[in-house]
>>> print(open('target31.txt').read())   # compact mmCIF, C-alpha atoms
# COMPACT_ATOMS: atom_id res chain seq x y z
CA MET A 1 38.07 -23.54 -8.20
CA THR A 2 34.45 -23.75 -9.23
CA GLY A 3 34.59 -27.52 -9.30
CA GLY A 4 36.04 -27.56 -5.79
CA VAL A 5 33.30 -25.35 -4.35
CA ARG A 6 30.63 -27.37 -6.15
CA GLY A 7 32.15 -30.56 -4.76
CA GLU A 8 32.01 -29.19 -1.23
CA VAL A 9 28.36 -28.32 -1.57
CA LEU A 10 27.47 -31.71 -3.00
CA ALA A 11 29.48 -33.48 -0.33
CA ALA A 12 27.79 -31.40 2.36
CA GLY A 13 24.36 -32.60 1.18
CA PRO A 14 20.87 -31.42 2.26
CA ALA A 15 22.04 -30.02 5.59
CA SER A 16 24.13 -27.43 3.73
CA ARG A 17 21.21 -26.42 1.51
CA ALA A 18 18.97 -26.06 4.54
CA SER A 19 21.47 -23.85 6.34
CA HIS A 20 22.09 -21.58 3.33
CA ARG A 21 20.13 -18.40 3.91
CA ASP A 22 20.41 -15.03 2.20
CA PRO A 23 18.00 -12.60 3.90
CA LEU A 24 19.42 -9.55 2.10
CA GLY A 25 19.07 -11.26 -1.29
CA ALA A 26 15.49 -12.30 -0.42
CA LYS A 27 14.67 -8.74 0.61
CA ILE A 28 16.16 -7.25 -2.58
CA GLY A 29 14.12 -9.77 -4.61
CA MET A 30 10.95 -8.69 -2.78
CA TRP A 31 11.69 -5.01 -3.38
CA LEU A 32 12.22 -5.68 -7.10
CA PHE A 33 8.75 -7.24 -7.18
CA LEU A 34 7.35 -4.25 -5.30
CA PHE A 35 8.91 -1.92 -7.90
CA THR A 36 6.82 -3.64 -10.60
CA GLU A 37 3.73 -3.01 -8.44
CA ILE A 38 4.70 0.65 -7.96
CA VAL A 39 5.12 1.09 -11.72
CA LEU A 40 1.82 -0.73 -12.40
CA PHE A 41 -0.21 1.53 -10.11
CA GLY A 42 1.97 4.53 -11.02
CA GLY A 43 0.88 4.15 -14.65
CA LEU A 44 -2.76 4.18 -13.53
CA PHE A 45 -2.12 7.29 -11.39
CA ILE A 46 -0.61 9.00 -14.45
CA LEU A 47 -3.69 8.02 -16.49
CA TYR A 48 -5.96 9.43 -13.75
CA SER A 49 -3.96 12.70 -13.65
CA ALA A 50 -4.12 13.13 -17.44
CA TYR A 51 -7.89 12.65 -17.58
CA ARG A 52 -8.49 14.74 -14.47
CA ALA A 53 -6.61 17.62 -16.11
CA ARG A 54 -8.83 17.18 -19.20
CA TYR A 55 -12.18 16.77 -17.39
CA PRO A 56 -11.79 18.60 -14.02
CA HIS A 57 -15.51 19.37 -13.52
CA GLU A 58 -16.67 15.88 -14.49
CA PHE A 59 -14.17 14.27 -12.10
CA HIS A 60 -15.32 16.66 -9.36
CA GLU A 61 -18.94 15.70 -10.04
CA GLY A 62 -18.12 11.96 -10.14
CA GLY A 63 -16.32 12.13 -6.79
CA GLN A 64 -19.43 13.55 -5.14
CA HIS A 65 -21.27 10.27 -5.75
CA LEU A 66 -18.72 8.24 -3.78
CA ASN A 67 -19.13 7.47 -0.08
CA TRP A 68 -16.13 9.23 1.48
CA ILE A 69 -16.99 7.95 4.97
CA ILE A 70 -16.44 4.35 3.80
CA GLY A 71 -13.23 5.51 2.06
CA VAL A 72 -11.89 7.04 5.29
CA ALA A 73 -13.03 4.02 7.37
CA ASN A 74 -11.12 1.72 5.01
CA THR A 75 -8.05 3.95 5.37
CA VAL A 76 -8.16 3.57 9.16
CA ILE A 77 -8.60 -0.21 8.71
CA LEU A 78 -5.59 -0.53 6.39
CA LEU A 79 -3.35 1.73 8.51
CA THR A 80 -4.22 -0.38 11.56
CA SER A 81 -3.53 -3.60 9.62
CA SER A 82 -0.10 -2.21 8.66
CA LEU A 83 0.57 -1.65 12.35
CA THR A 84 -0.42 -5.21 13.30
CA VAL A 85 1.83 -6.70 10.58
CA ALA A 86 4.78 -4.55 11.72
CA LEU A 87 4.14 -5.60 15.34
CA SER A 88 4.05 -9.27 14.29
CA VAL A 89 7.60 -9.00 12.86
CA THR A 90 8.81 -7.53 16.15
CA ALA A 91 7.01 -10.31 18.06
CA VAL A 92 8.73 -13.03 15.99
CA ARG A 93 12.12 -11.40 16.46
CA LYS A 94 11.52 -11.49 20.22
CA GLY A 95 10.59 -15.19 20.00
CA ARG A 96 6.88 -14.58 20.73
CA GLN A 97 5.37 -16.82 18.03
CA ARG A 98 1.82 -16.99 19.46
CA ARG A 99 1.60 -13.21 19.71
CA ALA A 100 2.82 -12.95 16.10
CA MET A 101 0.16 -15.42 14.93
CA ALA A 102 -2.57 -13.53 16.83
CA LEU A 103 -1.45 -10.22 15.27
CA LEU A 104 -1.46 -11.75 11.77
CA ALA A 105 -4.94 -13.22 12.39
CA LEU A 106 -6.10 -9.73 13.41
CA THR A 107 -4.57 -8.36 10.19
CA VAL A 108 -6.54 -10.92 8.15
CA LEU A 109 -9.75 -9.90 9.94
CA LEU A 110 -9.05 -6.22 9.21
CA ALA A 111 -8.36 -7.04 5.55
CA ALA A 112 -11.65 -8.97 5.37
CA GLY A 113 -13.40 -5.96 6.95
CA PHE A 114 -11.90 -3.76 4.24
CA LEU A 115 -13.33 -6.03 1.53
CA VAL A 116 -16.76 -6.20 3.22
CA ASN A 117 -16.88 -2.38 3.23
CA LYS A 118 -15.86 -2.40 -0.43
CA TYR A 119 -18.66 -4.88 -1.19
CA PHE A 120 -21.30 -2.59 0.34
CA GLU A 121 -19.80 0.47 -1.35
CA TRP A 122 -19.65 -1.09 -4.81
CA GLY A 123 -23.10 -2.66 -4.26
CA ALA A 124 -24.68 0.76 -3.66
CA GLU A 125 -22.98 2.23 -6.74
CA ILE A 126 -23.96 -0.69 -8.95
CA ARG A 127 -27.60 -0.53 -7.72
CA ALA A 128 -27.59 3.17 -8.66
CA GLY A 129 -26.46 2.21 -12.19
CA LEU A 130 -23.11 3.97 -11.72
CA TYR A 131 -20.89 1.34 -13.31
CA PRO A 132 -19.21 1.23 -16.74
CA ASN A 133 -21.98 0.94 -19.37
CA GLY A 134 -24.57 1.00 -16.56
CA PRO A 135 -27.99 2.60 -17.28
CA GLU A 136 -27.36 5.72 -15.16
CA LEU A 137 -23.69 6.26 -16.08
CA ALA A 138 -24.22 5.72 -19.84
CA GLY A 139 -26.33 8.90 -19.98
CA ARG A 140 -23.72 11.03 -18.25
CA ALA A 141 -20.85 13.11 -19.63
CA PRO A 142 -17.81 11.23 -21.07
CA GLY A 143 -15.57 12.67 -18.32
CA GLU A 144 -17.78 11.14 -15.60
CA GLN A 145 -17.78 7.80 -17.40
CA LEU A 146 -13.97 7.94 -17.43
CA PHE A 147 -13.95 8.79 -13.70
CA PHE A 148 -16.05 5.75 -12.79
CA GLY A 149 -14.09 3.53 -15.21
CA LEU A 150 -10.85 4.51 -13.45
CA TYR A 151 -12.50 4.24 -10.02
CA PHE A 152 -13.66 0.65 -10.58
CA SER A 153 -10.38 -0.35 -12.31
CA MET A 154 -8.04 1.09 -9.70
CA THR A 155 -9.99 0.18 -6.56
CA GLY A 156 -10.78 -3.24 -8.10
CA LEU A 157 -7.11 -3.94 -8.82
CA HIS A 158 -6.26 -2.79 -5.31
CA GLY A 159 -9.00 -5.05 -3.91
CA LEU A 160 -7.44 -8.02 -5.74
CA HIS A 161 -4.15 -7.16 -4.05
CA VAL A 162 -5.91 -7.14 -0.66
CA LEU A 163 -7.36 -10.58 -1.48
CA GLY A 164 -3.90 -11.84 -2.48
CA GLY A 165 -2.50 -10.32 0.72
CA ILE A 166 -5.01 -12.28 2.81
CA GLY A 167 -3.71 -15.48 1.19
CA VAL A 168 -0.09 -14.50 1.88
CA LEU A 169 -0.85 -13.61 5.52
CA LEU A 170 -2.70 -16.91 6.06
CA ALA A 171 0.33 -18.73 4.63
CA MET A 172 2.54 -16.85 7.12
CA ILE A 173 0.31 -17.97 10.01
CA GLY A 174 0.70 -21.55 8.74
CA LEU A 175 4.50 -21.24 8.52
CA LEU A 176 4.64 -19.77 12.04
CA TRP A 177 2.50 -22.65 13.30
CA ARG A 178 4.88 -25.16 11.71
CA GLY A 179 7.93 -23.39 13.14
CA ARG A 180 9.28 -22.42 9.70
CA ILE A 181 9.40 -18.75 10.73
CA ARG A 182 11.54 -18.18 13.81
CA SER A 183 13.45 -15.42 15.57
CA ASP A 184 16.60 -16.37 13.60
CA ASP A 185 14.83 -16.87 10.23
CA PHE A 186 11.99 -14.42 9.62
CA VAL A 187 12.67 -12.95 6.17
CA LEU A 188 9.51 -14.59 4.73
CA LEU A 189 7.34 -12.75 7.23
CA GLU A 190 9.30 -9.53 6.69
CA ASN A 191 8.73 -9.78 2.91
CA ALA A 192 5.02 -10.55 3.39
CA GLY A 193 4.88 -7.44 5.59
CA LEU A 194 6.57 -5.35 2.87
CA TYR A 195 3.89 -6.46 0.39
CA TRP A 196 1.11 -5.62 2.83
CA HIS A 197 2.57 -2.18 3.58
CA LEU A 198 2.72 -1.40 -0.16
CA VAL A 199 -0.98 -2.33 -0.46
CA ASP A 200 -1.53 0.22 2.32
CA VAL A 201 0.58 2.89 0.54
CA ILE A 202 -1.43 2.46 -2.68
CA TRP A 203 -4.65 3.03 -0.76
CA ILE A 204 -3.12 6.11 0.90
CA PHE A 205 -2.98 7.63 -2.63
CA LEU A 206 -6.38 6.29 -3.77
CA LEU A 207 -8.21 7.99 -0.86
CA PRO A 208 -7.55 11.64 -1.87
CA LEU A 209 -7.77 10.93 -5.62
CA PHE A 210 -11.27 9.50 -5.52
CA TYR A 211 -12.91 10.36 -2.20
CA LEU A 212 -11.52 13.68 -0.98
CA SER A 213 -10.89 15.77 -4.07
CA ALA A 214 -14.55 16.20 -5.03
CA MET B 1 24.40 -11.87 9.34
CA GLU B 2 23.10 -9.88 12.30
CA ALA B 3 23.82 -6.62 10.44
CA GLU B 4 21.61 -7.84 7.55
CA ARG B 5 18.70 -8.40 9.91
CA GLY B 6 18.75 -4.88 11.32
CA PRO B 7 17.73 -3.83 14.82
CA VAL B 8 14.53 -5.03 16.52
CA ILE B 9 12.09 -2.11 16.36
CA GLU B 10 10.11 -1.64 19.56
CA ASP B 11 6.30 -1.71 19.57
CA ARG B 12 6.02 1.86 20.85
CA THR B 13 7.80 3.18 17.72
CA PHE B 14 5.26 1.52 15.42
CA VAL B 15 2.31 2.62 17.59
CA GLY B 16 3.65 6.20 17.54
CA VAL B 17 3.91 6.16 13.73
CA TRP B 18 0.37 4.72 13.50
CA ILE B 19 -1.02 7.54 15.68
CA VAL B 20 0.73 10.14 13.48
CA LEU B 21 -0.70 8.44 10.36
CA LEU B 22 -4.23 8.57 11.82
CA PHE B 23 -3.78 12.25 12.73
CA LEU B 24 -2.56 13.05 9.19
CA THR B 25 -5.59 11.20 7.77
CA LEU B 26 -7.87 13.36 9.94
CA LEU B 27 -6.04 16.47 8.71
CA LEU B 28 -6.43 15.26 5.12
CA VAL B 29 -10.18 14.70 5.51
CA VAL B 30 -10.72 18.08 7.19
CA SER B 31 -8.73 19.94 4.52
CA GLY B 32 -10.33 17.99 1.66
CA LYS B 33 -13.91 18.39 2.85
CA LEU B 34 -14.03 21.73 4.65
CA PHE B 35 -11.51 24.02 2.98
CA HIS B 36 -11.61 25.80 -0.36
CA GLU B 37 -9.85 24.06 -3.27
CA ALA B 38 -7.03 26.64 -3.17
CA LEU B 39 -6.08 25.34 0.27
CA SER B 40 -7.23 21.72 0.10
CA VAL B 41 -5.28 20.73 -3.06
CA PRO B 42 -1.86 21.79 -1.65
CA ALA B 43 -2.80 20.01 1.60
CA LEU B 44 -3.64 16.80 -0.29
CA LEU B 45 -0.39 17.05 -2.30
CA THR B 46 1.76 17.40 0.83
CA ILE B 47 0.01 15.23 3.43
CA THR B 48 -0.46 12.19 1.16
CA PRO B 49 3.26 11.79 0.20
CA LEU B 50 4.16 12.44 3.84
CA LYS B 51 1.91 9.56 4.95
CA ALA B 52 3.38 7.25 2.28
CA GLY B 53 6.89 8.34 3.33
CA LEU B 54 6.21 7.40 6.96
CA VAL B 55 5.03 3.92 5.90
CA PHE B 56 8.12 3.44 3.70
CA TYR B 57 10.53 4.79 6.31
CA TYR B 58 9.25 3.07 9.46
CA PHE B 59 6.87 0.21 8.61
CA MET B 60 8.90 -0.91 5.58
CA HIS B 61 12.18 -0.42 7.53
CA LEU B 62 13.88 1.88 5.01
CA LYS B 63 15.22 3.80 8.01
CA HIS B 64 17.36 0.80 8.89
CA GLU B 65 18.26 -0.42 5.39
CA GLY B 66 21.65 -0.01 3.77
CA PRO B 67 22.50 2.40 0.93
CA LEU B 68 21.83 -0.22 -1.79
CA LEU B 69 18.13 -0.72 -0.99
CA ARG B 70 17.58 2.95 -0.21
CA THR B 71 19.10 3.95 -3.57
CA MET B 72 17.00 1.36 -5.42
CA VAL B 73 13.79 2.67 -3.85
CA PHE B 74 14.77 6.30 -4.40
CA VAL B 75 15.60 5.75 -8.10
CA THR B 76 12.28 3.94 -8.71
CA LEU B 77 10.18 6.62 -6.98
CA ALA B 78 12.18 9.45 -8.59
CA THR B 79 11.59 7.91 -12.05
CA LEU B 80 7.85 7.80 -11.36
CA VAL B 81 7.85 11.43 -10.18
CA VAL B 82 9.80 12.52 -13.30
CA PHE B 83 7.24 10.81 -15.55
CA ILE B 84 4.34 12.44 -13.68
CA GLY B 85 6.16 15.80 -14.04
CA LEU B 86 6.68 15.23 -17.78
CA LEU B 87 2.96 14.46 -18.11
CA PHE B 88 1.98 17.82 -16.63
CA VAL B 89 4.51 19.65 -18.83
CA ASP B 90 2.96 17.90 -21.83
CA ILE B 91 -0.59 18.79 -20.73
CA SER B 92 0.35 22.45 -20.06
CA TYR B 93 1.76 23.02 -23.56
CA ARG B 94 -0.90 21.24 -25.59
>>> encode(input="target31.txt", output="structure tokens")
Amino acid sequence: MTGGVRGEVLAAGPASRASHRDPLGAKIGMWLFLFTEIVLFGGLFILYSAYRARYPHEFHEGGQHLNWIIGVANTVILLTSSLTVALSVTAVRKGRQRRAMALLALTVLLAAGFLVNKYFEWGAEIRAGLYPNGPELAGRAPGEQLFFGLYFSMTGLHGLHVLGGIGVLLAMIGLLWRGRIRSDDFVLLENAGLYWHLVDVIWIFLLPLFYLSA
Amino acid sequence: MEAERGPVIEDRTFVGVWIVLLFLTLLLVVSGKLFHEALSVPALLTITPLKAGLVFYYFMHLKHEGPLLRTMVFVTLATLVVFIGLLFVDISYR
């Protein structure tokens, strides 16, 4: 039985391999990867909660040094980028490749805007000496040092995910350009979108933890 | 095959969800910055998961997925919530 099926596949050759698609399997694989990301950031959220419960006043004080306006602006940017990615999937499914590419290019611009804001925000904090082992932070209470350690770790790790997302989105634009993503084969773009939406969800939780709870 | 792909979601649905998400963010900022902690903390704890839920349900298409994927996502998130709950039980009785 197995030998017969194998023989059929071999006899069918490259055309058979090219036509074999498993969108549900691809989507499940992507979700399994996303679960590892959820657990990774979930562990950091648990760490934050434990230390916040131990040093409530120091975390409150630390949060007052962050620029919440930039935090909210970046939230609006990421929510809008999630919209443009979702719209690009719809565009591909309707056979509108150029519109999909334009929406993905807009997403990349929004993601770059997010990182530029982060650069200015971190720059101001670093200039003020508010970084792990920095001159200003070293003289502060241990709870505040923990707050800024978690702040730089969690927003930094998230920023790396945004950077990775830009690479993935650019790859999707390339695949659309080459006709590898079409209205009848779009699971790659759908999975890239899932990744980008999760990056958005993580930021949705980072905003109140660091910027709004002070 | 077509069933695996799910329905094509119209632009206006996504735009509607995006507007709700922006409104909830505004609500979150107002409650976090203007209200007393007794009111702002419950607001943060309800609005934030609601926003994440909207992204999961609409943008990440969970609304249109089958029971297998929905169960997988639910079990993962429920496990995380249980561990966060256990943490607070541990902290409370130290």
>>> interface_residues(input="target31.txt", of="chain B", to="chain A", cutoff="6 Å", atoms="all atoms listed in the file", output="list of chain:residue names")
B:Gly32, B:Ala52, B:Met60
>>> residues_around(input="target31.txt", residues="segment 158-170 of chain A", least_positions_apart="4", cutoff="8 Å", atoms="all atoms listed in the file", output="PyMOL selection string")
chain A and resi 104-105+107-108+111-112+115+154+174+192+195-196+199+202-203
>>> residues_around(input="target31.txt", residues="Gly149 of chain A", least_positions_apart="2", cutoff="12 Å", atoms="all atoms listed in the file", output="list of chain:residue names")
A:Leu44, A:Leu47, A:Tyr48, A:Tyr51, A:Phe59, A:Gly62, A:Leu130, A:Tyr131, A:Pro132, A:Asn133, A:Gly134, A:Leu137, A:Ala138, A:Pro142, A:Gly143, A:Glu144, A:Gln145, A:Leu146, A:Phe147, A:Tyr151, A:Phe152, A:Ser153, A:Met154, A:Thr155, A:Gly156, A:Phe210
>>> atom_distance(input="target31.txt", atom1="atom CA of Ile47 of chain B", atom2="atom CA of Val30 of chain B")
11.7 Å
>>> atom_distance(input="target31.txt", atom1="atom CA of Ile9 of chain B", atom2="atom CA of Leu189 of chain A")
14.8 Å
>>> residues_near_point(input="target31.txt", point="(-9.1, -2.7, 5.2)", cutoff="6 Å", atoms="only C-alpha atoms", output="PyMOL selection string")
chain A and resi 74+77-78+110-111+113-114
>>> atom_distance(input="target31.txt", atom1="atom CA of Glu10 of chain B", atom2="atom CA of His64 of chain B")
13.1 Å
>>> residues_around(input="target31.txt", residues="segment 120-125 of chain A", least_positions_apart="2", cutoff="9 Å", atoms="only C-alpha atoms", output="tab-separated table (two decimals) with C-alpha atoms, in the coordinates of the input")
chain	number	residue	atom	x	y	z
A	65	HIS	CA	-21.27	10.27	-5.75
A	66	LEU	CA	-18.72	8.24	-3.78
A	67	ASN	CA	-19.13	7.47	-0.08
A	70	ILE	CA	-16.44	4.35	3.80
A	71	GLY	CA	-13.23	5.51	2.06
A	115	LEU	CA	-13.33	-6.03	1.53
A	116	VAL	CA	-16.76	-6.20	3.22
A	117	ASN	CA	-16.88	-2.38	3.23
A	118	LYS	CA	-15.86	-2.40	-0.43
A	127	ARG	CA	-27.60	-0.53	-7.72
A	128	ALA	CA	-27.59	3.17	-8.66
A	129	GLY	CA	-26.46	2.21	-12.19
A	130	LEU	CA	-23.11	3.97	-11.72
A	131	TYR	CA	-20.89	1.34	-13.31
A	152	PHE	CA	-13.66	0.65	-10.58
>>> residues_near_point(input="target31.txt", point="(3.0, 14.2, -0.3)", cutoff="12 Å", atoms="all atoms listed in the file", output="ChimeraX atom specification")
/A:201,204-205,208 /B:24,28,41-54,81
>>> axis_aligned_box(input="target31.txt", around="segment 43-59 of chain B", padding_each_side="8 Å", output="lines of an AutoDock Vina configuration file")
center_x = 3.4
center_y = 10.1
center_z = 3.6
size_x = 30.2
size_y = 35.8
size_z = 27.8
>>> decode(input="target31.txt", residues="segment 43-70 of chain A", atoms="N, CA, C and O atoms", output="compact mmCIF listing (two decimals), in the first residue's frame")
# COMPACT_ATOMS: atom_id res chain seq x y z
N GLY A 43 5.79 34.42 30.06
CA GLY A 43 6.74 34.26 31.18
C GLY A 43 7.23 35.62 31.67
O GLY A 43 7.34 35.86 32.88
N LEU A 44 7.51 36.51 30.72
CA LEU A 44 7.99 37.86 31.10
C LEU A 44 6.87 38.65 31.79
O LEU A 44 7.13 39.41 32.72
N PHE A 45 5.62 38.46 31.34
CA PHE A 45 4.50 39.14 32.00
C PHE A 45 4.33 38.62 33.43
O PHE A 45 4.02 39.39 34.34
N ILE A 46 4.55 37.32 33.63
CA ILE A 46 4.47 36.75 34.98
C ILE A 46 5.57 37.35 35.86
O ILE A 46 5.35 37.73 37.01
N LEU A 47 6.77 37.46 35.30
CA LEU A 47 7.90 38.06 36.03
C LEU A 47 7.57 39.50 36.43
O LEU A 47 7.79 39.92 37.57
N TYR A 48 7.03 40.27 35.47
CA TYR A 48 6.63 41.65 35.74
C TYR A 48 5.61 41.69 36.88
O TYR A 48 5.73 42.49 37.82
N SER A 49 4.59 40.81 36.82
CA SER A 49 3.52 40.82 37.83
C SER A 49 4.09 40.51 39.21
O SER A 49 3.71 41.13 40.21
N ALA A 50 5.01 39.53 39.27
CA ALA A 50 5.59 39.15 40.57
C ALA A 50 6.35 40.32 41.18
O ALA A 50 6.18 40.62 42.38
N TYR A 51 7.17 41.00 40.38
CA TYR A 51 7.96 42.10 40.92
C TYR A 51 7.11 43.34 41.18
O TYR A 51 7.39 44.11 42.09
N ARG A 52 6.06 43.52 40.38
CA ARG A 52 5.17 44.66 40.63
C ARG A 52 4.45 44.48 41.98
O ARG A 52 4.25 45.44 42.72
N ALA A 53 4.05 43.23 42.26
CA ALA A 53 3.40 42.95 43.54
C ALA A 53 4.37 43.19 44.71
O ALA A 53 3.96 43.58 45.79
N ARG A 54 5.66 42.98 44.46
CA ARG A 54 6.66 43.15 45.52
C ARG A 54 7.09 44.61 45.68
O ARG A 54 7.37 45.07 46.78
N TYR A 55 7.17 45.33 44.59
CA TYR A 55 7.62 46.74 44.62
C TYR A 55 6.57 47.65 43.97
O TYR A 55 6.87 48.30 42.95
N PRO A 56 5.36 47.76 44.50
CA PRO A 56 4.31 48.55 43.82
C PRO A 56 4.66 50.03 43.69
O PRO A 56 4.44 50.63 42.63
N HIS A 57 5.22 50.63 44.75
CA HIS A 57 5.52 52.07 44.70
C HIS A 57 6.67 52.38 43.74
O HIS A 57 6.63 53.37 43.01
N GLU A 58 7.68 51.50 43.75
CA GLU A 58 8.84 51.72 42.86
C GLU A 58 8.43 51.58 41.38
O GLU A 58 8.89 52.33 40.53
N PHE A 59 7.54 50.63 41.09
CA PHE A 59 7.07 50.46 39.72
C PHE A 59 6.22 51.67 39.30
O PHE A 59 6.28 52.13 38.17
N HIS A 60 5.42 52.17 40.25
CA HIS A 60 4.61 53.36 39.99
C HIS A 60 5.52 54.55 39.67
O HIS A 60 5.30 55.27 38.69
N GLU A 61 6.56 54.70 40.47
CA GLU A 61 7.52 55.80 40.28
C GLU A 61 8.24 55.66 38.94
O GLU A 61 8.40 56.63 38.20
N GLY A 62 8.69 54.44 38.63
CA GLY A 62 9.41 54.18 37.38
C GLY A 62 8.56 54.52 36.16
O GLY A 62 9.03 55.14 35.21
N GLY A 63 7.28 54.16 36.22
CA GLY A 63 6.37 54.41 35.10
C GLY A 63 6.18 55.88 34.81
O GLY A 63 5.91 56.27 33.66
N GLN A 64 6.37 56.72 35.84
CA GLN A 64 6.18 58.16 35.64
C GLN A 64 7.29 58.78 34.80
O GLN A 64 7.15 59.90 34.32
N HIS A 65 8.41 58.07 34.66
CA HIS A 65 9.51 58.60 33.84
C HIS A 65 9.37 58.23 32.37
O HIS A 65 10.16 58.70 31.54
N LEU A 66 8.39 57.39 32.06
CA LEU A 66 8.22 56.99 30.65
C LEU A 66 7.31 57.98 29.92
O LEU A 66 6.44 58.60 30.54
N ASN A 67 7.52 58.09 28.61
CA ASN A 67 6.72 59.01 27.80
C ASN A 67 5.48 58.28 27.29
O ASN A 67 5.52 57.55 26.29
N TRP A 68 4.36 58.46 28.01
CA TRP A 68 3.14 57.71 27.65
C TRP A 68 2.55 58.16 26.31
O TRP A 68 1.87 57.38 25.64
N ILE A 69 2.84 59.40 25.91
CA ILE A 69 2.31 59.87 24.62
C ILE A 69 2.93 59.06 23.47
O ILE A 69 2.23 58.66 22.53
N ILE A 70 4.25 58.81 23.56
CA ILE A 70 4.90 57.97 22.54
C ILE A 70 4.33 56.55 22.60
O ILE A 70 4.09 55.91 21.57
